[in-house]
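Data from structure.tsv: TSV, C-alpha atoms
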chain	number	residue	atom	x	y	z
A	161	MET	CA	69.08	-8.80	64.70
A	162	ARG	CA	70.31	-11.50	62.38
A	163	TYR	CA	71.36	-11.09	58.78
A	164	LEU	CA	68.66	-12.39	56.41
A	165	PRO	CA	69.80	-14.33	53.32
A	166	LEU	CA	67.23	-13.76	50.56
A	167	PHE	CA	66.67	-15.90	47.49
A	168	ILE	CA	64.56	-15.65	44.34
A	169	VAL	CA	62.84	-19.01	43.98
A	170	ALA	CA	61.01	-18.87	40.65
A	171	PHE	CA	59.12	-16.97	38.06
A	172	VAL	CA	55.56	-18.12	37.56
A	173	PHE	CA	54.07	-17.62	34.11
A	174	CYS	CA	50.32	-17.59	33.65
A	175	GLY	CA	49.15	-18.21	30.10
A	176	LEU	CA	46.50	-15.94	28.61
A	177	VAL	CA	43.39	-17.41	27.01
A	178	THR	CA	42.91	-16.43	23.39
A	179	ALA	CA	39.37	-15.49	22.41
A	180	PRO	CA	37.81	-17.24	19.43
A	181	ALA	CA	37.67	-15.37	16.13
A	182	TRP	CA	34.32	-14.28	14.76
A	183	ALA	CA	33.20	-12.54	11.62
A	184	GLN	CA	33.78	-8.83	11.92
A	185	GLN	CA	30.87	-6.77	13.17
A	186	LEU	CA	30.66	-3.08	14.06
A	187	GLN	CA	29.06	-2.41	17.45
A	188	CYS	CA	28.21	0.80	19.29
A	189	ASP	CA	28.35	1.54	23.02
A	190	PRO	CA	25.93	3.06	23.72
A	191	CYS	CA	23.66	2.97	20.66
A	192	ARG	CA	21.36	5.71	21.95
A	193	HIS	CA	22.05	8.98	23.73
A	194	GLY	CA	19.91	11.75	25.16
A	195	PHE	CA	21.61	15.16	25.21
A	196	GLY	CA	19.07	16.53	27.69
A	197	LYS	CA	18.24	20.23	27.74
A	198	VAL	CA	20.52	22.51	25.75
A	199	GLN	CA	19.98	26.24	25.33
A	200	ILE	CA	19.25	27.44	21.81
A	201	GLY	CA	22.50	28.48	20.14
A	202	ASP	CA	24.65	26.38	22.47
A	203	THR	CA	26.09	22.96	21.71
A	204	SER	CA	26.51	19.68	23.54
A	205	SER	CA	28.73	16.84	22.34
A	206	PHE	CA	28.93	13.13	23.02
A	207	SER	CA	31.27	10.46	21.65
A	208	PHE	CA	29.99	6.98	20.82
A	209	GLN	CA	32.42	4.09	21.09
A	210	LEU	CA	32.50	1.99	17.92
A	211	SER	CA	34.11	-1.45	18.30
A	212	ASN	CA	35.14	-4.25	15.95
A	213	THR	CA	34.20	-7.54	17.62
A	214	GLY	CA	35.50	-9.75	14.81
A	215	SER	CA	38.79	-11.05	13.46
A	216	ASN	CA	39.15	-8.90	10.32
A	217	THR	CA	39.59	-5.17	9.83
A	218	LEU	CA	36.36	-3.18	9.48
A	219	VAL	CA	36.08	-0.17	7.20
A	220	ILE	CA	33.52	2.56	7.90
A	221	SER	CA	32.95	4.08	4.47
A	222	SER	CA	30.20	6.67	5.02
A	223	ILE	CA	28.05	8.37	7.66
A	224	SER	CA	24.62	9.94	7.17
A	225	VAL	CA	22.67	12.07	9.66
A	226	GLN	CA	18.90	12.49	9.93
A	227	GLY	CA	17.84	15.43	12.10
A	228	ASN	CA	18.89	19.02	11.47
A	229	ALA	CA	19.96	19.62	15.08
A	230	PHE	CA	22.65	16.90	14.98
A	231	THR	CA	26.02	16.80	13.26
A	232	VAL	CA	29.05	14.52	13.33
A	233	GLY	CA	32.28	16.01	14.64
A	234	ASN	CA	35.83	15.34	13.48
A	235	PHE	CA	35.82	11.79	12.11
A	236	GLN	CA	37.91	11.00	9.05
A	237	LEU	CA	36.50	8.64	6.41
A	238	PRO	CA	37.16	5.95	5.43
A	239	ALA	CA	37.95	4.76	8.96
A	240	ASP	CA	39.69	1.42	9.53
A	241	VAL	CA	38.94	-0.40	12.80
A	242	ALA	CA	41.30	-3.26	13.59
A	243	PRO	CA	40.04	-6.49	15.20
A	244	GLY	CA	39.30	-5.90	18.86
A	245	ALA	CA	39.92	-2.15	18.51
A	246	SER	CA	37.54	0.76	18.98
A	247	VAL	CA	37.21	4.37	17.82
A	248	LEU	CA	35.16	7.30	19.09
A	249	LEU	CA	32.49	8.97	16.96
A	250	PRO	CA	31.71	12.52	18.18
A	251	VAL	CA	28.14	13.75	17.67
A	252	ILE	CA	27.09	17.35	18.34
A	253	PHE	CA	23.62	18.63	19.30
A	254	THR	CA	22.96	22.27	18.37
A	255	PRO	CA	19.28	23.13	18.88
A	256	ALA	CA	17.90	25.95	16.74
A	257	ALA	CA	14.33	25.79	18.06
A	258	LEU	CA	12.51	25.14	21.31
A	259	GLY	CA	11.38	21.64	22.06
A	260	TYR	CA	12.19	18.01	21.45
A	261	ALA	CA	14.54	16.94	18.63
A	262	GLU	CA	15.56	13.49	17.48
A	263	GLY	CA	17.96	12.09	14.94
A	264	ILE	CA	19.52	8.94	13.51
A	265	ILE	CA	23.21	8.47	12.70
A	266	THR	CA	23.77	5.72	10.10
A	267	LEU	CA	27.21	4.24	9.51
A	268	THR	CA	27.89	2.15	6.40
A	269	ASN	CA	30.62	-0.48	6.80
A	270	ASN	CA	31.85	-3.78	5.40
A	271	GLY	CA	30.84	-5.84	8.45
A	272	ALA	CA	28.30	-8.62	8.78
A	273	ASP	CA	25.63	-5.92	9.23
A	274	SER	CA	26.51	-3.29	6.66
A	275	LYS	CA	24.55	-0.49	8.38
A	276	LEU	CA	24.72	0.51	12.03
A	277	GLU	CA	22.17	3.02	13.37
A	278	ILE	CA	22.61	5.24	16.42
A	279	ASP	CA	19.62	7.13	17.92
A	280	VAL	CA	20.03	10.61	19.40
A	281	VAL	CA	17.54	12.94	21.11
A	282	GLY	CA	17.65	16.32	22.83
A	283	ASN	CA	15.62	19.31	23.97
A	284	GLY	CA	16.11	22.94	22.97
A	285	VAL	CA	15.38	25.37	25.81
A	286	ALA	CA	15.26	29.14	26.13
A	287	ASN	CA	18.28	31.21	27.12
A	288	GLY	CA	18.64	32.99	30.45
A	289	ASN	CA	17.98	30.18	32.94
A	290	PRO	CA	20.65	28.74	35.27
A	291	ARG	CA	22.92	26.15	33.66
A	292	LEU	CA	25.48	23.68	34.94
A	293	GLY	CA	28.41	23.04	32.64
A	294	ILE	CA	31.16	20.45	32.86
A	295	SER	CA	34.59	20.49	31.25
A	296	PRO	CA	35.92	18.44	29.63
A	297	ALA	CA	32.88	16.60	28.30
A	298	LEU	CA	34.91	13.38	27.90
A	299	LEU	CA	37.37	11.80	30.35
A	300	ASN	CA	39.52	9.10	28.77
A	301	PHE	CA	41.45	7.12	31.39
A	302	GLY	CA	43.40	5.08	28.82
A	303	ASN	CA	44.84	1.72	29.88
A	304	VAL	CA	44.68	0.85	33.58
A	305	THR	CA	45.86	-2.48	35.01
A	306	VAL	CA	43.09	-4.58	36.53
A	307	GLY	CA	43.22	-4.15	40.31
A	308	SER	CA	44.73	-0.65	40.03
A	309	THR	CA	43.00	2.74	39.92
A	310	ALA	CA	43.35	5.99	38.00
A	311	THR	CA	41.75	9.39	38.65
A	312	GLN	CA	40.95	12.39	36.51
A	313	GLN	CA	39.38	15.74	37.29
A	314	ALA	CA	36.54	17.64	35.65
A	315	ILE	CA	35.28	21.14	36.41
A	316	LEU	CA	31.62	21.95	37.13
A	317	SER	CA	30.59	25.56	36.51
A	318	ALA	CA	27.38	27.58	36.96
A	319	THR	CA	26.12	30.26	34.55
A	320	ASN	CA	23.01	32.46	34.48
A	321	GLY	CA	22.50	31.98	38.23
A	322	SER	CA	23.37	29.70	41.13
A	323	VAL	CA	23.03	25.95	40.65
A	324	THR	CA	22.42	23.42	43.43
A	325	ILE	CA	23.50	19.85	42.73
A	326	SER	CA	21.29	17.43	44.65
A	327	SER	CA	22.59	14.02	43.51
A	328	ASP	CA	25.11	12.30	41.27
A	329	ARG	CA	25.59	8.84	39.85
A	330	SER	CA	27.69	6.79	37.45
A	331	THR	CA	26.28	4.24	35.02
A	332	SER	CA	29.17	1.82	35.73
A	333	LEU	CA	30.50	0.46	39.01
A	334	GLU	CA	34.04	0.79	37.61
A	335	PHE	CA	33.75	4.61	37.69
A	336	THR	CA	33.25	6.40	41.01
A	337	ILE	CA	32.65	10.10	41.75
A	338	LEU	CA	34.88	11.12	44.67
A	339	GLY	CA	34.91	13.95	47.17
A	340	LEU	CA	31.62	15.65	46.29
A	341	THR	CA	29.46	16.26	49.39
A	342	LEU	CA	25.85	16.81	48.36
A	343	PRO	CA	23.83	18.92	48.20
A	344	VAL	CA	26.25	21.61	47.06
A	345	THR	CA	25.57	25.02	45.53
A	346	ILE	CA	27.77	26.65	42.91
A	347	THR	CA	27.22	30.39	42.61
A	348	ALA	CA	26.91	32.06	39.21
A	349	GLY	CA	30.30	32.38	37.56
A	350	ALA	CA	31.98	30.01	40.03
A	351	SER	CA	33.30	26.51	39.46
A	352	LEU	CA	33.88	23.32	41.43
A	353	PRO	CA	36.37	20.52	40.69
A	354	VAL	CA	35.16	16.93	40.83
A	355	THR	CA	37.35	13.82	40.82
A	356	ILE	CA	36.34	10.60	39.07
A	357	GLN	CA	38.10	7.29	39.68
A	358	PHE	CA	38.41	4.37	37.25
A	359	ALA	CA	38.96	0.98	38.87
A	360	PRO	CA	38.69	-1.77	36.23
A	361	SER	CA	37.60	-5.15	37.59
A	362	SER	CA	38.22	-7.03	34.35
A	363	SER	CA	40.02	-6.67	31.03
A	364	GLY	CA	38.41	-4.71	28.20
A	365	THR	CA	37.06	-1.26	27.44
A	366	ASP	CA	34.32	0.25	29.59
A	367	SER	CA	32.31	3.30	28.59
A	368	ALA	CA	29.97	5.05	31.00
A	369	ARG	CA	28.51	8.39	32.00
A	370	ALA	CA	28.59	10.33	35.23
A	371	GLY	CA	25.54	12.52	35.77
A	372	PHE	CA	24.83	15.45	38.08
A	373	ILE	CA	21.19	16.20	38.97
A	374	SER	CA	20.53	19.85	39.79
A	375	ASN	CA	18.04	22.71	39.50
A	376	ALA	CA	19.78	23.84	36.31
A	377	ASP	CA	17.78	24.12	33.12
A	378	ASP	CA	20.01	21.53	31.42
A	379	SER	CA	19.88	18.92	34.21
A	380	PRO	CA	21.12	16.21	34.23
A	381	THR	CA	24.62	17.37	33.29
A	382	LEU	CA	26.66	14.48	31.92
A	383	VAL	CA	30.35	13.71	31.46
A	384	GLN	CA	31.35	10.79	29.28
A	385	LEU	CA	33.83	8.28	30.71
A	386	THR	CA	35.93	5.66	28.97
A	387	GLY	CA	38.84	3.48	29.99
A	388	ALA	CA	40.36	0.10	29.29
A	389	GLY	CA	41.23	-2.54	31.85
A	390	THR	CA	44.44	-4.38	30.97
A	391	PRO	CA	45.55	-7.74	32.39
A	392	GLN	CA	47.97	-7.89	35.25
A	393	SER	CA	51.48	-8.97	34.37
A	394	SER	CA	51.79	-12.58	33.24
A	395	TYR	CA	54.77	-12.89	35.62
A	396	SER	CA	55.18	-12.97	39.35
A	397	VAL	CA	58.23	-13.18	41.61
A	398	ASP	CA	58.46	-15.68	44.48
A	399	LEU	CA	60.71	-14.67	47.40
A	400	SER	CA	61.90	-16.68	50.39
A	401	TRP	CA	64.34	-15.97	53.22
A	402	ASN	CA	65.76	-17.51	56.36
A	403	THR	CA	64.18	-16.74	59.72
A	404	GLY	CA	65.53	-13.83	61.69
A	405	GLY	CA	65.51	-15.83	64.97
A	406	GLY	CA	65.08	-14.28	68.39
A	407	ASN	CA	61.74	-12.59	69.04
A	408	VAL	CA	60.95	-11.79	65.42
A	409	VAL	CA	57.18	-11.44	64.85
A	410	GLY	CA	57.12	-10.41	61.21
A	411	TYR	CA	58.90	-9.16	58.12
A	412	ASP	CA	58.67	-6.12	55.85
A	413	ILE	CA	59.29	-6.59	52.13
A	414	TYR	CA	60.84	-3.76	50.14
A	415	ARG	CA	61.30	-3.28	46.39
A	416	GLY	CA	63.20	-0.81	44.23
A	417	THR	CA	64.16	-0.34	40.59
A	418	ALA	CA	67.83	0.47	41.31
A	419	ASN	CA	70.41	-1.66	43.08
A	420	GLY	CA	71.06	-0.01	46.44
A	421	GLY	CA	67.72	1.75	46.53
A	422	PRO	CA	65.77	3.71	47.25
A	423	TYR	CA	63.41	0.91	48.28
A	424	GLN	CA	59.70	1.21	48.96
A	425	ILE	CA	57.82	-1.13	51.27
A	426	ILE	CA	55.38	-3.30	49.31
A	427	ASP	CA	54.01	-5.52	52.07
A	428	SER	CA	54.27	-6.47	55.74
A	429	MET	CA	54.18	-10.16	56.63
A	430	ASP	CA	53.61	-12.14	59.80
A	431	ALA	CA	56.13	-14.86	60.68
A	432	SER	CA	55.91	-16.35	57.17
A	433	THR	CA	59.22	-16.45	55.29
A	434	THR	CA	57.81	-16.46	51.74
A	435	TYR	CA	56.16	-13.80	49.61
A	436	THR	CA	54.91	-13.56	46.01
A	437	ASP	CA	54.95	-10.23	44.16
A	438	TYR	CA	52.16	-10.20	41.55
A	439	THR	CA	52.57	-6.52	40.61
A	440	VAL	CA	55.69	-6.75	38.44
A	441	VAL	CA	55.72	-5.27	34.94
A	442	SER	CA	57.19	-6.99	31.89
A	443	GLY	CA	60.61	-5.72	30.85
A	444	MET	CA	61.49	-4.28	34.28
A	445	THR	CA	64.26	-5.22	36.71
A	446	TYR	CA	63.47	-5.20	40.43
A	447	TYR	CA	65.65	-5.33	43.55
A	448	TYR	CA	64.24	-6.78	46.79
A	449	VAL	CA	65.29	-6.58	50.43
A	450	VAL	CA	63.62	-7.78	53.62
A	451	THR	CA	63.78	-6.58	57.22
A	452	ALA	CA	62.78	-8.45	60.38
A	453	VAL	CA	60.53	-6.81	62.97
A	454	ASN	CA	60.49	-7.78	66.67
A	455	ALA	CA	57.67	-7.55	69.21
A	456	GLN	CA	58.74	-4.03	70.19
A	457	GLY	CA	58.39	-2.85	66.58
A	458	GLN	CA	62.15	-2.57	66.09
A	459	GLN	CA	63.38	-3.29	62.60
A	460	SER	CA	66.57	-4.99	61.47
A	461	ALA	CA	68.91	-3.75	58.78
A	462	TYR	CA	68.17	-4.71	55.18
A	463	SER	CA	68.88	-8.26	54.08
A	464	ASN	CA	71.09	-8.95	51.10
A	465	VAL	CA	69.65	-7.78	47.76
A	466	ALA	CA	67.82	-10.20	45.45
A	467	THR	CA	67.44	-9.25	41.78
A	468	ALA	CA	64.53	-10.23	39.53
A	469	VAL	CA	64.66	-9.56	35.79
A	470	ILE	CA	61.15	-9.69	34.29
A	471	PRO	CA	61.07	-10.86	30.65
A	472	GLY	CA	59.65	-8.46	28.06
A	473	SER	CA	56.19	-8.94	26.61

Could you show the structure in this file as structure tokens?
Amino acid sequence: MRYLPLFIVAFVFCGLVTAPAWAQQLQCDPCRHGFGKVQIGDTSSFSFQLSNTGSNTLVISSISVQGNAFTVGNFQLPADVAPGASVLLPVIFTPAALGYAEGIITLTNNGADSKLEIDVVGNGVANGNPRLGISPALLNFGNVTVGSTATQQAILSATNGSVTISSDRSTSLEFTILGLTLPVTITAGASLPVTIQFAPSSSGTDSARAGFISNADDSPTLVQLTGAGTPQSSYSVDLSWNTGGGNVVGYDIYRGTANGGPYQIIDSMDASTTYTDYTVVSGMTYYYVVTAVNAQGQQSAYSNVATAVIPGS
């Protein structure tokens, strides 16, 4: 099969839109949380995402708690929150008595609304009944490029008896519970891994919860989820090559990060002789080769190597 000359045609830069600046304001996501049923003497924790939606730094100067069953975890004051940034505020529910408990977390800050209130509720239940635990209680997926996915694993465990999980759900379409065939029973003392996938569809931070409904005394059992979608690279690489001639029916495009390989296939084309790579990362150097494929599925040798140097951010 013929030798395929390969050429880099252009870099295409897509400008990012800058959001308008607003007066700083502290916001919570969510602003209310139910801890569900927790056995007396045990604890359950949840972290609230606090975000600065303005253009100036916010300072959280003090926190007060109403409700004896609720406390704030490790959170150093004063806390500075940069424009567009967010921090996590851990709150702990430790019931000392049977029944319903409620509380209010008040944060004093220098924003447009100087006081932000967060509502919390929970139920204290007796010891000895089956429980479903999950560890860790928070899965932070960090930064994930829009259009890509990331997975993390949590462990479900049963205590004080067998627990049957009948259903599960996530409060956000960007988080998906994978590989759990329901209903499923976890025997006392046993555990079961569960995988959760984060697939951001847009830029920005998303916070959600995954819940597991069961016959346990503390149902639903919740795991907190957070992750940030980041924009795809502002650069792309346009490739073009000469036709392979003969009975060529398509082309395979390969990319590597070292001259000479190894190369990994990134796409298979029909008879088109152009391709645009939108998955490049700023500051990287990539090496491309193309092969021609005939009607019998036979593949040519690699073309010459084309080099693309992606500018830094």

Item checked: Shell of 9 Å around Ala229 (chain A), all atoms listed in the file, local chain residues under 3 positions omitted, as an MDAnalysis selection string -> chainID A and resid 226 252:257 261:263 282

Suppose we keep C-alpha atoms; can you now write the selection as a tab-separated table (two decimals), in the frame of the given file?
chain	number	residue	atom	x	y	z
A	226	GLN	CA	18.90	12.49	9.93
A	252	ILE	CA	27.09	17.35	18.34
A	253	PHE	CA	23.62	18.63	19.30
A	254	THR	CA	22.96	22.27	18.37
A	255	PRO	CA	19.28	23.13	18.88
A	256	ALA	CA	17.90	25.95	16.74
A	257	ALA	CA	14.33	25.79	18.06
A	261	ALA	CA	14.54	16.94	18.63
A	262	GLU	CA	15.56	13.49	17.48
A	263	GLY	CA	17.96	12.09	14.94
A	282	GLY	CA	17.65	16.32	22.83

Item checked: Non-local contacts of Pro343 (chain A) (9 Å; only C-alpha atoms; under 3 positions in same chain excluded) as a list of chain:residue names -> A:Thr324, A:Ile325, A:Ser326, A:Ser327, A:Leu340

Margin query: Between A:Ala239, A:Ala286, A:Val409, A:Ile356, which residue has the minimum interatomic distance to Ser460 (chain A), considering all atoms listed in the file?
Written below: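 Closest candidate: A:Val409.
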
Item checked: Distance criterion (all atoms listed in the file): nearest to Ser295 (chain A) out of A:Ala242, A:Val232, A:Leu249, A:Val383 ->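 Ranked by minimum distance to Ser295 (chain A), first place goes to A:Val383.
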
Check: When you draw a straight line from CA of Gln185 (chain A) to CA of Ser332 (chain A), how long is it in Å?
Finding: 24.2 Å

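CA of Thr386 (chain A) is positioned 13.7 Å from CA of Ala314 (chain A).
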
Item checked: Coordinates-based distance that separates CA of Gln313 (chain A) from CA of Pro380 (chain A) (Å, one decimal) ->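 Answer for the CA of Pro380 (chain A) to CA of Gln313 (chain A) separation: 18.5 Å.
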
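Of the listed residues (A:Pro360, A:Pro190, A:Gly410, A:Gly227), A:Pro360 comes nearest to Ala310 (chain A); the distances count all atoms listed in the file.
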
Next item on the list: Could you tell me which of A:Thr355, A:Gln424, A:Asn464, A:Ser396 comes closest to Thr439 (chain A) if we count all atoms listed in the file?
Entry: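 Ranking A:Thr355, A:Gln424, A:Asn464, A:Ser396 by distance to Thr439 (chain A), first place goes to A:Ser396.
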
Next item on the list: Point out the residue among A:Thr417, A:Ser379, A:Gln312, A:Ser363 with the least atom-to-atom distance to Leu338 (chain A), counting only C-alpha atoms.
Entry: A:Gln312

Margin query: Taking 2 positions as the minimum chain separation for residues in the same chain, which residues sit within 6 Å of Leu298 (chain A) when counting only C-alpha atoms? Answer as number ranges by chain.
Written below: A: 296, 383-385

Can you write out the residues you just picked, keeping C-alpha atoms, as a compact mmCIF listing (two decimals), in the frame of the given file?
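Final output, again.txt:
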# COMPACT_ATOMS: atom_id res chain seq x y z
CA PRO A 296 35.92 18.44 29.63
CA VAL A 383 30.35 13.71 31.46
CA GLN A 384 31.35 10.79 29.28
CA LEU A 385 33.83 8.28 30.71

Checklist line | Exercise: Ala370 (chain A) partners within 6 Å, all atoms listed in the file, chain neighbours under 5 positions left out, as a list in words | finding: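 My list of contacting residues is Arg329, Ser330, Leu382 and Val383 of chain A.
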
Just write the chosen residues, C-alpha atoms, as a PDB file, in the frame of the given file.
ATOM      1  CA  ARG A 329      25.590   8.840  39.850  1.00  0.00           C
ATOM      2  CA  SER A 330      27.690   6.790  37.450  1.00  0.00           C
ATOM      3  CA  LEU A 382      26.660  14.480  31.920  1.00  0.00           C
ATOM      4  CA  VAL A 383      30.350  13.710  31.460  1.00  0.00           C
TER       5      VAL A 383
END

Margin query: Which residue is closest to Leu218 (chain A)? Choose from A:Asn270, A:Asn287, A:Gln392, A:Ser246 and count all atoms listed in the file.
Written below: A:Asn270

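Proximity to Pro243 (chain A) at 8 Å, evaluated using all atoms listed in the file and with sequence-adjacent residues fewer than 6 positions away removed, yields Gln184, Asn212, Thr213, Gly214, Ser215, Asn216, Thr217 and Leu218 of chain A.
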
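The set of protein, DNA and RNA residues with any counted atom at most 12 Å from (35.9, 17.4, 12.6) (all atoms listed in the file) reads Thr231, Val232, Gly233, Asn234, Phe235, Gln236, Leu237, Leu249, Pro250, Val251 and Ile252 of chain A.
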
For the selection you just gave me, I'd like the residues written to a file as a short mmCIF file (atom, residue, chain, number, x, y, z; two decimals), in the coordinates of the input, keeping C-alpha atoms.
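Writing the result to again.cif gives the following:
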data_model
loop_
_atom_site.label_atom_id
_atom_site.label_comp_id
_atom_site.auth_asym_id
_atom_site.auth_seq_id
_atom_site.Cartn_x
_atom_site.Cartn_y
_atom_site.Cartn_z
CA THR A 231 26.02 16.80 13.26
CA VAL A 232 29.05 14.52 13.33
CA GLY A 233 32.28 16.01 14.64
CA ASN A 234 35.83 15.34 13.48
CA PHE A 235 35.82 11.79 12.11
CA GLN A 236 37.91 11.00 9.05
CA LEU A 237 36.50 8.64 6.41
CA LEU A 249 32.49 8.97 16.96
CA PRO A 250 31.71 12.52 18.18
CA VAL A 251 28.14 13.75 17.67
CA ILE A 252 27.09 17.35 18.34
#
